[in-house]
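One file, work.csv, is given below (CSV, C-alpha atoms).
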chain,number,residue,atom,x,y,z
A,1,MET,CA,181.7,-43.8,-56.6
A,2,GLU,CA,182.3,-40.4,-55.0
A,3,ALA,CA,183.3,-39.2,-58.6
A,4,ILE,CA,179.6,-39.6,-59.7
A,5,PRO,CA,176.5,-38.3,-57.9
A,6,LYS,CA,174.6,-41.1,-56.2
A,7,LYS,CA,171.6,-40.9,-58.6
A,8,PHE,CA,173.9,-41.9,-61.4
A,9,TRP,CA,175.9,-44.7,-59.8
A,10,ASP,CA,174.1,-47.3,-61.9
A,11,LYS,CA,174.4,-45.5,-65.2
A,12,ASN,CA,176.4,-47.3,-67.9
A,13,PHE,CA,176.3,-47.8,-71.6
A,14,ASP,CA,174.5,-51.1,-71.4
A,15,ASN,CA,171.5,-49.7,-69.6
A,16,TYR,CA,171.2,-46.6,-71.7
A,17,ILE,CA,168.1,-47.0,-73.9
A,18,PRO,CA,168.4,-45.1,-77.2
A,19,VAL,CA,164.9,-44.2,-78.4
A,20,SER,CA,165.7,-42.2,-81.5
A,21,GLU,CA,168.4,-41.8,-84.2
A,22,ASP,CA,170.1,-39.0,-82.4
A,23,THR,CA,170.3,-41.0,-79.1
A,24,LYS,CA,171.6,-44.1,-81.0
A,25,THR,CA,174.3,-41.9,-82.5
A,26,ALA,CA,175.1,-40.3,-79.1
A,27,LEU,CA,175.5,-43.7,-77.5
A,28,GLU,CA,177.7,-44.9,-80.3
A,29,VAL,CA,179.9,-41.8,-80.2
A,30,CYS,CA,180.2,-41.9,-76.3
A,31,ARG,CA,181.2,-45.6,-76.5
A,32,LYS,CA,183.9,-44.7,-79.1
A,33,TYR,CA,185.1,-41.8,-77.1
A,34,SER,CA,185.5,-44.1,-74.1
A,35,SER,CA,187.0,-47.1,-75.8
A,36,ALA,CA,189.6,-44.9,-77.5
A,37,LYS,CA,190.2,-43.2,-74.1
A,38,ALA,CA,190.1,-40.0,-76.1
A,39,TRP,CA,190.4,-37.8,-73.1
A,40,ARG,CA,194.0,-39.0,-72.7
A,41,THR,CA,194.9,-37.2,-76.0
A,42,GLY,CA,193.0,-34.0,-75.2
A,43,SER,CA,189.9,-34.8,-77.1
A,44,ASN,CA,186.7,-33.2,-75.9
A,45,LEU,CA,183.0,-34.1,-76.2
A,46,ILE,CA,180.1,-31.8,-75.9
A,47,ILE,CA,176.6,-33.3,-75.6
A,48,LEU,CA,173.8,-30.8,-76.2
A,49,GLY,CA,170.0,-31.2,-76.1
A,50,THR,CA,166.9,-30.4,-74.1
A,51,TYR,CA,166.3,-31.6,-70.5
A,52,GLY,CA,165.7,-35.2,-69.7
A,53,ILE,CA,167.1,-36.9,-72.8
A,54,GLY,CA,169.9,-38.9,-71.3
A,55,LYS,CA,172.9,-36.5,-71.6
A,56,THR,CA,173.9,-37.1,-67.9
A,57,HIS,CA,173.4,-40.8,-68.2
A,58,LEU,CA,175.9,-40.9,-71.1
A,59,ALA,CA,178.3,-38.6,-69.2
A,60,ALA,CA,178.1,-40.8,-66.1
A,61,ALA,CA,178.8,-43.9,-68.3
A,62,ILE,CA,181.9,-42.2,-69.7
A,63,VAL,CA,183.1,-41.4,-66.2
A,64,ARG,CA,182.4,-45.0,-65.0
A,65,PHE,CA,184.3,-46.4,-68.0
A,66,ALA,CA,187.3,-44.1,-67.3
A,67,ILE,CA,187.4,-45.2,-63.7
A,68,THR,CA,187.4,-48.9,-64.7
A,69,GLN,CA,190.4,-48.1,-66.9
A,70,GLY,CA,192.3,-46.8,-63.9
A,71,ASP,CA,191.9,-43.1,-64.8
A,72,ASN,CA,190.9,-40.4,-62.3
A,73,ALA,CA,187.6,-39.0,-63.5
A,74,VAL,CA,184.8,-36.9,-62.0
A,75,LEU,CA,181.4,-35.7,-62.9
A,76,VAL,CA,180.5,-32.3,-61.5
A,77,THR,CA,177.5,-30.1,-62.2
A,78,ALA,CA,178.2,-26.6,-63.5
A,79,PRO,CA,175.9,-25.0,-60.9
A,80,SER,CA,177.8,-26.7,-58.1
A,81,LEU,CA,181.1,-25.3,-59.5
A,82,ALA,CA,179.7,-21.8,-59.6
A,83,SER,CA,178.1,-21.6,-56.1
A,84,GLY,CA,179.4,-20.3,-52.8
A,85,SER,CA,182.0,-17.7,-51.9
A,86,ILE,CA,184.9,-16.7,-54.1
A,87,GLU,CA,187.2,-18.9,-52.2
A,88,ASP,CA,184.8,-21.9,-52.5
A,89,ILE,CA,184.6,-21.4,-56.3
A,90,ARG,CA,188.3,-21.1,-56.7
A,91,GLU,CA,188.9,-24.2,-54.5
A,92,ARG,CA,186.5,-26.3,-56.5
A,93,PHE,CA,188.1,-25.4,-59.8
A,94,LYS,CA,191.6,-26.0,-58.4
A,95,HIS,CA,190.5,-29.4,-57.0
A,96,ILE,CA,189.4,-30.8,-60.3
A,97,ARG,CA,192.1,-29.1,-62.5
A,98,ASN,CA,194.4,-32.2,-62.7
A,99,VAL,CA,191.8,-34.9,-62.9
A,100,GLU,CA,192.4,-37.0,-66.0
A,101,LEU,CA,188.8,-36.7,-67.2
A,102,ILE,CA,186.4,-34.0,-66.1
A,103,VAL,CA,182.7,-34.0,-67.0
A,104,ILE,CA,180.9,-30.8,-66.4
A,105,ASP,CA,177.2,-31.6,-66.4
A,106,ASP,CA,174.4,-29.2,-67.1
A,107,PHE,CA,176.5,-26.2,-68.2
A,108,SER,CA,174.2,-23.2,-68.9
A,109,ASN,CA,174.9,-19.6,-68.1
A,110,GLU,CA,177.4,-20.0,-65.3
A,111,ALA,CA,180.0,-18.0,-67.2
A,112,GLU,CA,177.9,-14.8,-66.9
A,113,HIS,CA,179.5,-14.4,-63.4
A,114,LYS,CA,182.9,-12.7,-64.1
A,115,LEU,CA,184.8,-14.8,-61.5
A,116,VAL,CA,183.3,-18.1,-62.8
A,117,ALA,CA,184.0,-17.1,-66.4
A,118,GLY,CA,187.6,-16.5,-65.5
A,119,GLU,CA,187.8,-19.9,-63.7
A,120,ILE,CA,186.2,-21.7,-66.6
A,121,PHE,CA,188.7,-20.1,-69.0
A,122,GLU,CA,191.6,-21.0,-66.8
A,123,LEU,CA,190.4,-24.6,-66.5
A,124,ILE,CA,189.8,-25.0,-70.2
A,125,ASN,CA,193.1,-23.3,-71.1
A,126,TYR,CA,195.0,-25.5,-68.6
A,127,ARG,CA,193.4,-28.7,-70.0
A,128,TYR,CA,194.1,-27.4,-73.5
A,129,GLU,CA,197.8,-26.9,-72.8
A,130,ALA,CA,198.1,-30.2,-70.9
A,131,GLU,CA,196.2,-32.1,-73.6
A,132,CYS,CA,193.6,-33.4,-71.1
A,133,GLY,CA,190.0,-34.1,-72.2
A,134,LEU,CA,186.8,-32.6,-71.1
A,135,VAL,CA,183.1,-33.6,-71.5
A,136,ILE,CA,180.4,-31.0,-71.2
A,137,THR,CA,176.6,-31.5,-71.2
A,138,SER,CA,174.3,-28.6,-71.7
A,139,ASN,CA,170.7,-27.8,-72.7
A,140,LEU,CA,172.1,-24.8,-74.8
A,141,THR,CA,172.2,-24.8,-78.6
A,142,PRO,CA,175.6,-24.7,-80.2
A,143,SER,CA,175.3,-20.9,-80.8
A,144,ASN,CA,174.1,-20.3,-77.3
A,145,LEU,CA,177.0,-22.4,-75.9
A,146,LYS,CA,179.4,-20.3,-77.9
A,147,GLU,CA,177.8,-17.1,-76.5
A,148,ALA,CA,177.9,-18.5,-72.9
A,149,LEU,CA,181.5,-19.5,-73.1
A,150,GLY,CA,182.7,-16.5,-75.2
A,151,ASP,CA,184.5,-16.6,-78.5
A,152,ARG,CA,188.0,-17.0,-77.0
A,153,VAL,CA,187.1,-20.0,-74.9
A,154,PHE,CA,184.8,-21.6,-77.5
A,155,ASP,CA,187.5,-21.4,-80.2
A,156,ARG,CA,190.0,-23.0,-77.9
A,157,ILE,CA,187.8,-25.9,-76.9
A,158,LEU,CA,186.3,-26.4,-80.4
A,159,GLU,CA,189.7,-27.4,-81.9
A,160,ARG,CA,189.6,-30.7,-80.1
A,161,THR,CA,185.8,-31.2,-79.7
A,162,LEU,CA,183.1,-33.2,-81.2
A,163,ILE,CA,179.7,-31.7,-80.6
A,164,LEU,CA,176.7,-34.0,-80.4
A,165,HIS,CA,173.3,-32.3,-80.6
A,166,ILE,CA,170.4,-34.5,-79.7
A,167,LYS,CA,167.2,-33.0,-81.1
A,168,ASP,CA,164.8,-35.8,-82.0
A,169,VAL,CA,163.6,-37.0,-78.6
A,170,ASP,CA,161.3,-36.0,-75.7
A,171,SER,CA,162.3,-36.2,-72.1
A,172,TYR,CA,162.8,-39.6,-70.6
A,173,ARG,CA,161.4,-38.2,-67.4
A,174,LYS,CA,157.9,-38.0,-68.9
A,175,ARG,CA,158.0,-41.7,-69.6
A,176,LYS,CA,159.5,-42.5,-66.2
A,177,ARG,CA,156.9,-40.4,-64.4
A,178,GLU,CA,154.1,-42.8,-65.4
A,179,LYS,CA,156.0,-45.6,-63.5
A,180,TYR,CA,156.2,-43.6,-60.3
A,181,LEU,CA,152.4,-42.8,-60.5
A,182,GLU,CA,151.2,-46.4,-61.2
A,183,TRP,CA,149.8,-46.4,-57.7
A,184,MET,CA,147.1,-44.0,-58.8
A,185,ASP,CA,145.5,-46.7,-61.1

Turn the structure described in the file into structure tokens.
Amino acid sequence: MEAIPKKFWDKNFDNYIPVSEDTKTALEVCRKYSSAKAWRTGSNLIILGTYGIGKTHLAAAIVRFAITQGDNAVLVTAPSLASGSIEDIRERFKHIRNVELIVIDDFSNEAEHKLVAGEIFELINYRYEAECGLVITSNLTPSNLKEALGDRVFDRILERTLILHIKDVDSYRKRKREKYLEWMD
């Protein structure tokens, strides 16, 4: 379970509750990606949409599935990859490079930092050449993601990537908040 942050240990496909057409499609696509073990052939998946709509839940479910299939998989947040000293950043990217399935959660503008941009390119290029899959979640739009990654990286990743853009749902956290505040009634 070290491959998944504690908050997401219980997340799987069976307890993901789709509440819209886009989330139903996202669940179906993530199940297909997993059952096909598409990361093994270098296929990528990018899940885009606003905050709190279940992107991380689906990403964690993919990682859990991969682990149950005997694959080495990890879910890391983009901000955690990009924080710390130059040595820390390089070590983190080096550490995950050969993992069979990498999920980078919550990618945003980390590539604005020149060192991080270089490490992201090296990671994506390595995985492209090794035909290893990658899953990315982000709150960016497709055009903003292209801008954040840069044309060269985006073109390289796009060749083997399905982009899911969830647009028709509000944050799950708004609904969950009511449960946590029931004591106020």

Excluding A:Phe107 and residues on its chain fewer than 5 positions from it, collect all residues at most 12 Å away from it, counting all atoms listed in the file, and give them as a PyMOL selection string.
-> chain A and resi 46-49+51+55-56+75-82+112+116-117+120+135-141+144-146+148-149

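Here atom CA of A:Asp88 is placed at a distance of 22.1 Å from atom CA of A:Lys6.
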
What gap, in Å, lies between atom CA of A:Ile104 and atom CA of A:Ile62?
->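 We find that atom CA of A:Ile104 and atom CA of A:Ile62 lie 11.9 Å from each other.
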
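Atom pair atom CA of A:Arg64 / atom CA of A:Lys7: separated by 13.2 Å.
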
Select, from A:Ile67, A:Ala130, A:Ile89, A:Met184, the residue with the minimum atom-to-atom distance to A:Ile4, counting only C-alpha atoms.
-> A:Ile67

Each residue of stretch 40-126 of chain A with at least one atom at most 12 Å from stretch 153-173 of chain A should appear once, together with its nearest atom pair and the corresponding distance in Å (one decimal); atoms considered: only C-alpha atoms; ordering: chain, then increasing residue number; output as a tab-separated table.
residue	atom	partner	partner_atom	distance
A:Arg40	CA	A:Arg160	CA	12.0
A:Thr41	CA	A:Arg160	CA	9.3
A:Gly42	CA	A:Arg160	CA	6.8
A:Ser43	CA	A:Arg160	CA	5.1
A:Asn44	CA	A:Thr161	CA	4.4
A:Leu45	CA	A:Leu162	CA	5.1
A:Ile46	CA	A:Ile163	CA	4.7
A:Ile47	CA	A:Leu164	CA	4.9
A:Leu48	CA	A:His165	CA	4.7
A:Gly49	CA	A:Ile166	CA	4.9
A:Thr50	CA	A:Lys167	CA	7.5
A:Tyr51	CA	A:Ser171	CA	6.3
A:Gly52	CA	A:Ser171	CA	4.3
A:Ile53	CA	A:Ser171	CA	4.9
A:Gly54	CA	A:Tyr172	CA	7.2
A:Lys55	CA	A:Ile166	CA	8.7
A:Thr56	CA	A:Tyr172	CA	11.7
A:His57	CA	A:Tyr172	CA	10.9
A:Leu58	CA	A:Leu164	CA	11.6
A:Ala111	CA	A:Val153	CA	10.7
A:Ala117	CA	A:Val153	CA	9.5
A:Gly118	CA	A:Val153	CA	10.0
A:Glu119	CA	A:Val153	CA	11.2
A:Ile120	CA	A:Val153	CA	8.5
A:Phe121	CA	A:Val153	CA	6.1
A:Glu122	CA	A:Val153	CA	9.3
A:Leu123	CA	A:Val153	CA	10.1
A:Ile124	CA	A:Ile157	CA	7.0
A:Asn125	CA	A:Arg156	CA	7.5
A:Tyr126	CA	A:Arg156	CA	10.9

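Shortest atom-to-atom contact with A:Asn15 among A:Val74, A:Ala66, A:Leu27, A:Leu115: A:Leu27, counting only C-alpha atoms.
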
Could you give me, as a list of chain:residue names, the residues within 9 Å of A:Asn72, counting only C-alpha atoms and dropping anything in the same chain fewer than 5 positions from it?
->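 In the requested form, the answer reads A:Ala3, A:Val63, A:Ala66, A:Ile67, A:Asn98, A:Val99, A:Glu100, A:Leu101, A:Ile102.
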
At a cut-off of 12 Å from (180.1, -45.1, -76.0) in the coordinates of the file, what residues are picked up using all atoms listed in the file, written as a PyMOL selection string?
-> chain A and resi 12-16+18+23-38+45+57-66
